[in-house]
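Pasted below: entry.csv, CSV, C-alpha atoms and all ligand atoms.
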chain,number,residue,atom,x,y,z
A,9,VAL,CA,121.0,53.0,26.0
A,10,MET,CA,119.1,55.1,23.5
A,11,SER,CA,121.1,55.7,20.3
A,12,SER,CA,119.0,58.6,19.2
A,13,LYS,CA,116.2,60.5,20.9
A,14,PRO,CA,112.7,59.1,20.5
A,15,ASN,CA,110.1,61.4,18.9
A,16,VAL,CA,107.0,61.5,20.9
A,17,VAL,CA,103.4,62.5,19.9
A,18,PHE,CA,101.1,62.6,22.9
A,19,VAL,CA,97.5,61.5,22.3
A,20,LEU,CA,95.0,63.0,24.7
A,21,GLY,CA,91.2,63.1,25.1
A,22,GLY,CA,88.4,61.8,27.4
A,23,PRO,CA,87.8,58.2,28.2
A,24,GLY,CA,86.3,56.6,25.1
A,25,ALA,CA,87.2,59.5,22.8
A,26,GLY,CA,88.8,56.9,20.5
A,27,LYS,CA,92.5,57.4,21.2
A,28,GLY,CA,93.4,53.7,21.0
A,29,THR,CA,91.2,53.0,18.0
A,30,GLN,CA,92.7,55.9,15.9
A,31,CYS,CA,96.3,55.2,17.0
A,32,GLU,CA,95.9,51.6,15.8
A,33,ARG,CA,94.6,52.9,12.4
A,34,ILE,CA,97.6,55.1,11.7
A,35,VAL,CA,100.6,53.2,13.1
A,36,LYS,CA,101.3,51.4,9.9
A,37,ASP,CA,101.1,54.2,7.4
A,38,PHE,CA,103.0,56.7,9.5
A,39,GLY,CA,105.6,54.4,11.0
A,40,TYR,CA,104.6,54.9,14.6
A,41,ILE,CA,104.9,52.7,17.6
A,42,HIS,CA,101.8,52.9,19.7
A,43,LEU,CA,102.2,53.0,23.4
A,44,SER,CA,99.0,53.2,25.4
A,45,ALA,CA,99.9,54.2,29.0
A,46,GLY,CA,96.6,52.6,30.2
A,47,GLU,CA,97.5,49.3,28.4
A,48,LEU,CA,101.0,49.3,29.9
A,49,LEU,CA,99.5,49.8,33.4
A,50,ARG,CA,97.0,47.0,32.9
A,51,ALA,CA,99.7,44.7,31.7
A,52,GLU,CA,101.8,45.5,34.8
A,53,ARG,CA,98.8,45.0,37.0
A,54,ASN,CA,98.2,41.6,35.5
A,55,LYS,CA,101.8,40.3,36.3
A,56,PRO,CA,101.4,37.8,39.1
A,57,ASN,CA,104.3,39.2,41.1
A,58,SER,CA,103.9,42.9,40.5
A,59,GLU,CA,104.6,45.0,43.6
A,60,VAL,CA,102.4,47.8,42.2
A,61,GLY,CA,99.5,45.8,40.7
A,62,ALA,CA,97.0,46.4,43.5
A,63,LEU,CA,97.9,50.1,43.6
A,64,ILE,CA,97.3,50.4,39.8
A,65,GLU,CA,94.0,48.5,40.0
A,66,LYS,CA,92.8,50.9,42.7
A,67,HIS,CA,93.6,53.9,40.6
A,68,ILE,CA,91.9,52.4,37.5
A,69,THR,CA,88.6,51.6,39.2
A,70,GLU,CA,88.6,54.9,41.0
A,71,GLY,CA,89.4,56.8,37.9
A,72,THR,CA,92.3,58.4,39.5
A,73,ILE,CA,95.9,58.7,38.2
A,74,VAL,CA,98.7,56.4,38.9
A,75,PRO,CA,101.9,58.1,40.3
A,76,VAL,CA,104.1,59.2,37.4
A,77,LYS,CA,107.2,57.2,38.5
A,78,ILE,CA,105.3,54.0,37.6
A,79,THR,CA,103.8,55.2,34.4
A,80,CYS,CA,106.8,57.1,33.1
A,81,GLY,CA,109.0,54.1,34.0
A,82,LEU,CA,106.8,51.8,31.9
A,83,LEU,CA,106.8,54.2,28.9
A,84,ALA,CA,110.5,54.8,29.1
A,85,GLN,CA,111.2,51.0,29.3
A,86,ALA,CA,108.9,50.3,26.3
A,87,MET,CA,110.7,53.0,24.2
A,88,VAL,CA,114.2,51.7,25.2
A,89,GLU,CA,113.2,48.1,24.4
A,90,THR,CA,111.7,49.0,21.0
A,91,MET,CA,114.7,51.1,20.0
A,92,ALA,CA,117.1,48.4,21.1
A,93,VAL,CA,115.5,46.0,18.6
A,94,ASP,CA,115.4,48.5,15.8
A,95,ALA,CA,116.9,52.0,16.2
A,96,ASN,CA,114.7,53.3,13.4
A,97,LYS,CA,111.6,52.6,15.4
A,98,ASN,CA,111.9,55.9,17.3
A,99,ASN,CA,108.5,57.5,16.5
A,100,PHE,CA,106.0,56.9,19.3
A,101,LEU,CA,102.4,57.7,19.8
A,102,VAL,CA,102.1,58.0,23.6
A,103,ASP,CA,98.4,57.5,24.2
A,104,GLY,CA,96.6,58.6,27.4
A,105,PHE,CA,99.6,60.4,29.0
A,106,PRO,CA,100.4,62.9,30.5
A,107,ARG,CA,97.1,63.2,32.4
A,108,ASN,CA,97.9,65.6,35.2
A,109,LYS,CA,100.5,67.9,36.6
A,110,ASP,CA,102.3,65.1,38.4
A,111,ASN,CA,102.6,63.2,35.0
A,112,LEU,CA,103.8,66.4,33.2
A,113,ASP,CA,106.4,67.3,35.8
A,114,GLY,CA,107.6,63.7,36.0
A,115,TRP,CA,107.9,63.4,32.3
A,116,ASN,CA,109.7,66.7,31.9
A,117,SER,CA,112.2,65.8,34.6
A,118,GLU,CA,112.8,62.2,33.5
A,119,MET,CA,112.4,62.4,29.7
A,120,GLY,CA,112.5,66.1,28.9
A,121,ASP,CA,116.2,65.9,27.7
A,122,LYS,CA,115.9,62.3,26.4
A,123,SER,CA,113.0,62.8,24.0
A,124,ASN,CA,111.5,65.3,21.5
A,125,VAL,CA,107.8,66.0,22.0
A,126,ARG,CA,106.7,66.9,18.5
A,127,PHE,CA,103.0,67.8,19.1
A,128,VAL,CA,99.8,66.7,20.9
A,129,LEU,CA,96.8,65.1,19.3
A,130,PHE,CA,93.6,66.1,21.2
A,131,PHE,CA,90.6,64.0,20.4
A,132,ASP,CA,87.7,66.2,21.4
A,133,CYS,CA,84.5,64.4,22.1
A,134,ASP,CA,81.3,65.1,24.0
A,135,GLU,CA,81.4,63.5,27.4
A,136,GLN,CA,78.0,61.8,27.1
A,137,VAL,CA,79.2,60.3,23.8
A,138,CYS,CA,82.4,59.1,25.6
A,139,MET,CA,80.4,57.6,28.4
A,140,ASN,CA,78.1,55.7,26.1
A,141,ARG,CA,80.9,54.3,24.0
A,142,CYS,CA,82.7,52.9,27.1
A,143,LEU,CA,79.4,51.6,28.6
A,144,ALA,CA,78.7,49.8,25.3
A,145,ARG,CA,82.2,48.4,25.3
A,146,GLY,CA,81.7,47.1,28.9
A,147,GLN,CA,78.3,45.6,28.0
A,148,ALA,CA,79.9,43.9,25.0
A,149,GLY,CA,82.3,42.2,27.4
A,150,SER,CA,85.5,44.3,27.4
A,151,GLY,CA,86.4,42.9,30.8
A,152,ARG,CA,87.8,46.4,31.8
A,153,SER,CA,87.1,47.0,35.4
A,154,ASP,CA,86.5,50.7,34.7
A,155,ASP,CA,83.8,50.4,32.0
A,156,ASN,CA,80.9,50.9,34.4
A,157,VAL,CA,78.9,54.0,35.3
A,158,ASP,CA,80.5,54.5,38.7
A,159,SER,CA,84.1,54.4,37.4
A,160,LEU,CA,83.2,56.3,34.2
A,161,LYS,CA,81.8,59.3,36.2
A,162,LYS,CA,85.1,59.4,38.1
A,163,ARG,CA,87.2,59.1,35.0
A,164,ILE,CA,85.3,62.0,33.3
A,165,GLN,CA,85.7,64.1,36.5
A,166,THR,CA,89.4,63.4,36.6
A,167,TYR,CA,89.7,64.2,32.9
A,168,HIS,CA,88.0,67.6,33.5
A,169,ASP,CA,89.9,68.6,36.6
A,170,SER,CA,93.3,67.2,35.8
A,171,THR,CA,93.8,66.5,32.1
A,172,MET,CA,92.1,69.5,30.5
A,173,PRO,CA,94.7,71.8,32.2
A,174,ILE,CA,97.5,69.8,30.6
A,175,ILE,CA,95.8,70.2,27.2
A,176,ASP,CA,95.5,73.9,27.9
A,177,TYR,CA,99.2,74.0,28.8
A,178,TYR,CA,100.3,72.4,25.5
A,179,ASN,CA,97.8,74.6,23.7
A,180,GLN,CA,99.5,77.7,25.0
A,181,GLN,CA,102.7,76.3,23.5
A,182,LYS,CA,100.9,75.9,20.1
A,183,LEU,CA,101.5,72.2,20.2
A,184,VAL,CA,97.9,71.0,20.1
A,185,ARG,CA,96.2,69.5,17.0
A,186,GLN,CA,92.5,69.2,17.8
A,187,ILE,CA,90.3,66.7,16.2
A,188,ASN,CA,86.5,66.4,16.4
A,189,ALA,CA,86.3,62.8,17.7
A,190,GLY,CA,82.5,62.6,17.9
A,191,ARG,CA,82.1,61.6,14.3
A,192,PRO,CA,82.1,57.9,13.0
A,193,VAL,CA,85.5,56.1,13.2
A,194,ASP,CA,86.3,56.5,9.4
A,195,GLU,CA,85.6,60.2,9.4
A,196,VAL,CA,87.7,60.9,12.4
A,197,CYS,CA,90.5,58.9,10.8
A,198,LEU,CA,90.3,60.9,7.6
A,199,VAL,CA,90.6,64.2,9.6
A,200,LEU,CA,93.5,62.7,11.5
A,201,ILE,CA,95.4,61.7,8.4
A,202,ILE,CA,95.0,65.2,7.0
A,203,VAL,CA,96.4,66.6,10.2
A,204,LEU,CA,99.4,64.3,10.1
A,205,TYR,CA,100.1,65.0,6.5
A,206,THR,CA,99.9,68.7,7.2
A,207,TYR,CA,102.6,68.3,9.9
A,208,TYR,CA,105.0,65.9,8.0
A,209,CYS,CA,104.7,67.2,4.5
A,301,LIG,N1,84.9,53.9,19.4
A,301,LIG,C1,86.1,54.6,19.2
A,301,LIG,N2,85.9,55.5,18.3
A,301,LIG,C2,84.6,55.6,17.9
A,301,LIG,C3,83.9,56.4,17.0
A,301,LIG,N3,84.5,57.4,16.3
A,301,LIG,N4,82.6,56.2,16.9
A,301,LIG,C4,82.0,55.2,17.6
A,301,LIG,N5,82.6,54.4,18.5
A,301,LIG,C5,83.9,54.6,18.6
A,301,LIG,O1,87.3,53.6,22.1
A,301,LIG,C6,86.4,53.4,23.1
A,301,LIG,C7,85.2,52.6,22.6
A,301,LIG,O2,84.6,53.4,21.6
A,301,LIG,C8,85.6,51.3,21.8
A,301,LIG,O3,84.6,50.4,22.0
A,301,LIG,C9,85.6,51.8,20.4
A,301,LIG,O4,85.4,50.7,19.5
A,301,LIG,C10,84.6,52.9,20.3
A,301,LIG,P1,88.9,53.6,22.4
A,301,LIG,O5,89.6,53.7,21.1
A,301,LIG,O6,89.3,52.5,23.3
A,301,LIG,O7,89.0,55.0,23.1
A,301,LIG,P2,90.1,55.5,24.2
A,301,LIG,O8,90.1,57.0,24.0
A,301,LIG,O9,91.4,54.8,24.0
A,301,LIG,O10,89.3,55.1,25.5
A,301,LIG,P3,89.9,54.5,26.8
A,301,LIG,O11,88.8,53.9,27.5
A,301,LIG,O12,91.1,53.6,26.6
A,301,LIG,O13,90.4,55.8,27.5
A,301,LIG,P4,90.9,56.2,28.9
A,301,LIG,O14,91.8,57.3,28.6
A,301,LIG,O15,89.9,56.3,29.9
A,301,LIG,O16,91.7,54.8,29.3
A,301,LIG,P5,93.2,54.5,29.5
A,301,LIG,O17,93.4,53.1,29.2
A,301,LIG,O18,94.0,55.5,28.8
A,301,LIG,O19,93.4,54.7,31.1
A,301,LIG,C11,92.6,53.9,32.0
A,301,LIG,C12,93.0,54.2,33.4
A,301,LIG,O20,94.4,54.0,33.6
A,301,LIG,C13,92.9,55.7,33.8
A,301,LIG,O21,91.5,56.1,34.1
A,301,LIG,C14,93.8,55.8,34.9
A,301,LIG,O22,93.3,55.3,36.1
A,301,LIG,C15,95.0,54.9,34.5
A,301,LIG,N6,96.0,55.7,33.8
A,301,LIG,C16,96.9,56.4,34.6
A,301,LIG,O23,96.8,56.4,35.8
A,301,LIG,N7,97.9,57.1,34.0
A,301,LIG,C17,98.1,57.1,32.6
A,301,LIG,O24,99.0,57.7,32.1
A,301,LIG,C18,97.2,56.4,31.8
A,301,LIG,C19,96.1,55.7,32.4
A,302,MG,MG,92.6,53.7,25.2
Is it possible to express this structure as structure tokens?
Ligand code: UP5
Ligand code: MG
Amino acid sequence: VMSSKPNVVFVLGGPGAGKGTQCERIVKDFGYIHLSAGELLRAERNKPNSEVGALIEKHITEGTIVPVKITCGLLAQAMVETMAVDANKNNFLVDGFPRNKDNLDGWNSEMGDKSNVRFVLFFDCDEQVCMNRCLARGQAGSGRSDDNVDSLKKRIQTYHDSTMPIIDYYNQQKLVRQINAGRPVDEVCLVLIIVLYTYYC
């Protein structure tokens, strides 16, 4: 049972925009818990007895989006477990979600009343830069089954067709904080810190 509602910051941007890298950099100083939807899905897929592991892996390699019931369930479970250990850990960076209308609707119906979505960080990055970063990561041995040209083309297409409309939706609600993510890691991080200070101070 949640003692108080979790505060949620959604982190969106194309594949390889640097969502995970930047989230890891700010967790400590801003007291966030980082939940990557993609990481939670990969962990579920890796469980030997998962009933949805094969389904998840198919979506990951095809660059398509896992049904919200699965993803939202994993996110909600992670938040409940975190807050059960320490009720003060109630500020979450939810990285890589919601990615499409199904995700958004599912979140709103399951979590709308049980969480406070504070704002959305949008890491804006040229798609060729995104592609090159993920390919380099694959070549360096990431082991990710979607760090190859075929999967990346599909991931970028899905991002265009399905995720950009979600960013537009939050933008209309004035909830989006946009960050130029094409710069080196340290520079992006500095801009991010300024954006967060502007919000919290
Ligand atoms: N790097 C990072 N920042 C850099 C910078 N400024 N300059 C130079 N290099 C930089 O970074 C990617 C790579 O780039 C790394 O090697 C990094 O060192 C370097 P990372 O921080 O990992 O970027 P990120 O945006 O997190 O990229 P990721 O590949 O994780 O993005 P995706 O959004 O594609 O992946 P995710 O894990 O979120 O999802 C994978 C799949 O899971 C999806 O395609 C989908 O099939 C499924 N999924 C769902 O179905 N539903 C969900 O809700 C979430 C995922
Ligand atoms: Mg990531």
Using only C-alpha atoms, can you tell me which of A:Ala86, A:Cys209, A:Arg126, A:Gly26 comes closest to Arg191 (chain A)? A:Gly26
Around (91.2, 58.7, 35.6) in the file's frame, which residues reach within 12 Å when counting only C-alpha atoms? Return as a ChimeraX atom specification? /A:21-24,45-46,64-75,104-108,154-155,158-172
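Among the candidates A:Val19, A:Gly114, A:Ser12, A:Leu63, the residue lying nearest to Ala92 (chain A) is A:Ser12 (atoms considered: all atoms listed in the file).
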Show which residues sit within 7 Å of Gln186 (chain A), as a ChimeraX atom specification. Count only C-alpha atoms, and ignore same-chain residues fewer than 4 positions away. /A:129-132
Would you save the residues from that selection as a CSV table (one decimal), in the frame of the given file, using C-alpha atoms?
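The result, written out as out.csv:
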chain,number,residue,atom,x,y,z
A,129,LEU,CA,96.8,65.1,19.3
A,130,PHE,CA,93.6,66.1,21.2
A,131,PHE,CA,90.6,64.0,20.4
A,132,ASP,CA,87.7,66.2,21.4
Measuring atom to atom with only C-alpha atoms and all ligand atoms, identify which of A:Asn156, A:Ser123, A:Ser117, A:Thr29 is nearest to ligand MG 302 (chain A).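 The shortest atom-to-atom distance to ligand MG 302 (chain A) comes from A:Thr29.
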Report the distance between atom O1 of ligand LIG 301 (chain A) and CA of Glu47 (chain A) in Å, rounded to one decimal place.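 Between atom O1 of ligand LIG 301 (chain A) and CA of Glu47 (chain A) the gap works out to 12.7 Å.
For the choices A:Val193, A:Leu143, A:Val102, A:Ala95, the atom-to-atom distance to ligand MG 302 (chain A) is smallest for A:Val102 when using all atoms listed in the file.
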Test item: which residues lie within 9 Å of (109.5, 56.1, 25.9) counting only C-alpha atoms, as number ranges by chain: A: 14-16, 43, 80-90, 98, 100, 102, 119, 122-123
Within 8 Å of Lys97 (chain A), counting all atoms listed in the file, which residues qualify if same-chain residues fewer than 4 places away don't, as a PyMOL selection string? chain A and resi 39-41+90-91
CA of Ile201 (chain A) to CA of Cys138 (chain A), distance in Å rounded to a single decimal: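 Between CA of Ile201 (chain A) and CA of Cys138 (chain A) the gap is 21.7 Å.
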Compile the contact shell of Lys77 (chain A) as a ChimeraX atom specification: residues with an atom at most 10 Å away, counting all atoms listed in the file, same-chain residues fewer than 6 positions apart removed. /A:110-111,114-115,118
Please, what distance in Å, to one decimal, runs between atom O5 of ligand LIG 301 (chain A) and CA of Val157 (chain A)?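 The value is 17.8 Å.
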Residues within 10 Å of Lys182 (chain A), all atoms listed in the file, excluding chain neighbours under 4 positions, as a PDB file with C-alpha atoms, keeping the file's coordinate frame:
ATOM      1  CA  PHE A 127     103.000  67.800  19.100  1.00  0.00           C
ATOM      2  CA  VAL A 128      99.800  66.700  20.900  1.00  0.00           C
ATOM      3  CA  ASP A 176      95.500  73.900  27.900  1.00  0.00           C
ATOM      4  CA  TYR A 177      99.200  74.000  28.800  1.00  0.00           C
ATOM      5  CA  TYR A 178     100.300  72.400  25.500  1.00  0.00           C
TER       6      TYR A 178
END
Can you pull out every residue within 8 Å of Gly190 (chain A), counting only C-alpha atoms, but drop anything in the same chain fewer than 5 positions away, and send it as a PyMOL selection string? chain A and resi 25+132-134+137+196
Return the padded bounding box of region 182-199 of chain A as JSON: axis-aligned, built from all atoms listed in the file, 5 Å added on each side, with centre and edge lengths in Å to one decimal.
{"center_x": 91.8, "center_y": 66.0, "center_z": 13.9, "size_x": 29.4, "size_y": 29.8, "size_z": 22.6}
Just checking: using all atoms listed in the file, which residue out of A:Cys197, A:Ile175, A:Val60, A:Val184 ends up closest to Arg33 (chain A)?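 Result for the nearest residue to Arg33 (chain A): A:Cys197.
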What would region 28-55 of chain A look like with N, CA and C atoms in place, written as a PDB file, in the coordinates of the input?
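Written output follows (selection36.pdb):
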ATOM      1  N   GLY A  28      92.773  55.002  21.374  1.00  0.00           N
ATOM      2  CA  GLY A  28      93.400  53.700  21.000  1.00  0.00           C
ATOM      3  C   GLY A  28      92.958  53.275  19.604  1.00  0.00           C
ATOM      4  N   THR A  29      91.670  53.440  19.294  1.00  0.00           N
ATOM      5  CA  THR A  29      91.200  53.000  18.000  1.00  0.00           C
ATOM      6  C   THR A  29      91.895  53.791  16.867  1.00  0.00           C
ATOM      7  N   GLN A  30      92.041  55.092  17.006  1.00  0.00           N
ATOM      8  CA  GLN A  30      92.700  55.900  15.900  1.00  0.00           C
ATOM      9  C   GLN A  30      94.166  55.657  15.877  1.00  0.00           C
ATOM     10  N   CYS A  31      94.809  55.482  17.018  1.00  0.00           N
ATOM     11  CA  CYS A  31      96.300  55.200  17.000  1.00  0.00           C
ATOM     12  C   CYS A  31      96.540  53.929  16.208  1.00  0.00           C
ATOM     13  N   GLU A  32      95.723  52.891  16.461  1.00  0.00           N
ATOM     14  CA  GLU A  32      95.900  51.600  15.800  1.00  0.00           C
ATOM     15  C   GLU A  32      95.779  51.774  14.256  1.00  0.00           C
ATOM     16  N   ARG A  33      94.890  52.694  13.859  1.00  0.00           N
ATOM     17  CA  ARG A  33      94.600  52.900  12.400  1.00  0.00           C
ATOM     18  C   ARG A  33      95.791  53.550  11.688  1.00  0.00           C
ATOM     19  N   ILE A  34      96.568  54.343  12.393  1.00  0.00           N
ATOM     20  CA  ILE A  34      97.600  55.100  11.700  1.00  0.00           C
ATOM     21  C   ILE A  34      99.018  54.619  11.882  1.00  0.00           C
ATOM     22  N   VAL A  35      99.209  53.683  12.798  1.00  0.00           N
ATOM     23  CA  VAL A  35     100.600  53.200  13.100  1.00  0.00           C
ATOM     24  C   VAL A  35     101.331  52.813  11.833  1.00  0.00           C
ATOM     25  N   LYS A  36     100.665  51.997  11.033  1.00  0.00           N
ATOM     26  CA  LYS A  36     101.300  51.400   9.900  1.00  0.00           C
ATOM     27  C   LYS A  36     101.783  52.464   8.880  1.00  0.00           C
ATOM     28  N   ASP A  37     100.825  53.265   8.441  1.00  0.00           N
ATOM     29  CA  ASP A  37     101.100  54.200   7.400  1.00  0.00           C
ATOM     30  C   ASP A  37     102.075  55.308   7.781  1.00  0.00           C
ATOM     31  N   PHE A  38     102.096  55.651   9.069  1.00  0.00           N
ATOM     32  CA  PHE A  38     103.000  56.700   9.500  1.00  0.00           C
ATOM     33  C   PHE A  38     104.192  56.264  10.263  1.00  0.00           C
ATOM     34  N   GLY A  39     104.348  54.948  10.355  1.00  0.00           N
ATOM     35  CA  GLY A  39     105.600  54.400  11.000  1.00  0.00           C
ATOM     36  C   GLY A  39     105.682  54.677  12.464  1.00  0.00           C
ATOM     37  N   TYR A  40     104.543  54.717  13.140  1.00  0.00           N
ATOM     38  CA  TYR A  40     104.600  54.900  14.600  1.00  0.00           C
ATOM     39  C   TYR A  40     104.606  53.627  15.356  1.00  0.00           C
ATOM     40  N   ILE A  41     105.128  53.702  16.557  1.00  0.00           N
ATOM     41  CA  ILE A  41     104.900  52.700  17.600  1.00  0.00           C
ATOM     42  C   ILE A  41     103.885  53.235  18.540  1.00  0.00           C
ATOM     43  N   HIS A  42     102.828  52.465  18.767  1.00  0.00           N
ATOM     44  CA  HIS A  42     101.800  52.900  19.700  1.00  0.00           C
ATOM     45  C   HIS A  42     101.995  52.408  21.066  1.00  0.00           C
ATOM     46  N   LEU A  43     102.123  53.327  22.008  1.00  0.00           N
ATOM     47  CA  LEU A  43     102.200  53.000  23.400  1.00  0.00           C
ATOM     48  C   LEU A  43     101.062  53.559  24.170  1.00  0.00           C
ATOM     49  N   SER A  44     100.137  52.714  24.601  1.00  0.00           N
ATOM     50  CA  SER A  44      99.000  53.200  25.400  1.00  0.00           C
ATOM     51  C   SER A  44      99.461  53.072  26.893  1.00  0.00           C
ATOM     52  N   ALA A  45      99.480  54.206  27.575  1.00  0.00           N
ATOM     53  CA  ALA A  45      99.900  54.200  29.000  1.00  0.00           C
ATOM     54  C   ALA A  45      98.918  53.303  29.792  1.00  0.00           C
ATOM     55  N   GLY A  46      97.611  53.380  29.457  1.00  0.00           N
ATOM     56  CA  GLY A  46      96.600  52.600  30.200  1.00  0.00           C
ATOM     57  C   GLY A  46      96.885  51.067  29.942  1.00  0.00           C
ATOM     58  N   GLU A  47      97.218  50.695  28.688  1.00  0.00           N
ATOM     59  CA  GLU A  47      97.500  49.300  28.400  1.00  0.00           C
ATOM     60  C   GLU A  47      98.765  48.813  29.143  1.00  0.00           C
ATOM     61  N   LEU A  48      99.783  49.649  29.180  1.00  0.00           N
ATOM     62  CA  LEU A  48     101.000  49.300  29.900  1.00  0.00           C
ATOM     63  C   LEU A  48     100.727  49.095  31.388  1.00  0.00           C
ATOM     64  N   LEU A  49      99.879  49.964  31.928  1.00  0.00           N
ATOM     65  CA  LEU A  49      99.500  49.800  33.400  1.00  0.00           C
ATOM     66  C   LEU A  49      98.710  48.558  33.593  1.00  0.00           C
ATOM     67  N   ARG A  50      97.773  48.252  32.688  1.00  0.00           N
ATOM     68  CA  ARG A  50      97.000  47.000  32.900  1.00  0.00           C
ATOM     69  C   ARG A  50      97.862  45.783  32.755  1.00  0.00           C
ATOM     70  N   ALA A  51      98.828  45.820  31.842  1.00  0.00           N
ATOM     71  CA  ALA A  51      99.700  44.700  31.700  1.00  0.00           C
ATOM     72  C   ALA A  51     100.588  44.496  32.974  1.00  0.00           C
ATOM     73  N   GLU A  52     101.050  45.613  33.529  1.00  0.00           N
ATOM     74  CA  GLU A  52     101.800  45.500  34.800  1.00  0.00           C
ATOM     75  C   GLU A  52     100.970  45.002  35.909  1.00  0.00           C
ATOM     76  N   ARG A  53      99.746  45.494  35.989  1.00  0.00           N
ATOM     77  CA  ARG A  53      98.800  45.000  37.000  1.00  0.00           C
ATOM     78  C   ARG A  53      98.573  43.522  36.914  1.00  0.00           C
ATOM     79  N   ASN A  54      98.554  42.996  35.688  1.00  0.00           N
ATOM     80  CA  ASN A  54      98.200  41.600  35.500  1.00  0.00           C
ATOM     81  C   ASN A  54      99.417  40.650  35.768  1.00  0.00           C
ATOM     82  N   LYS A  55     100.620  41.206  35.944  1.00  0.00           N
ATOM     83  CA  LYS A  55     101.800  40.300  36.300  1.00  0.00           C
ATOM     84  C   LYS A  55     101.541  39.757  37.670  1.00  0.00           C
TER      85      LYS A  55
END
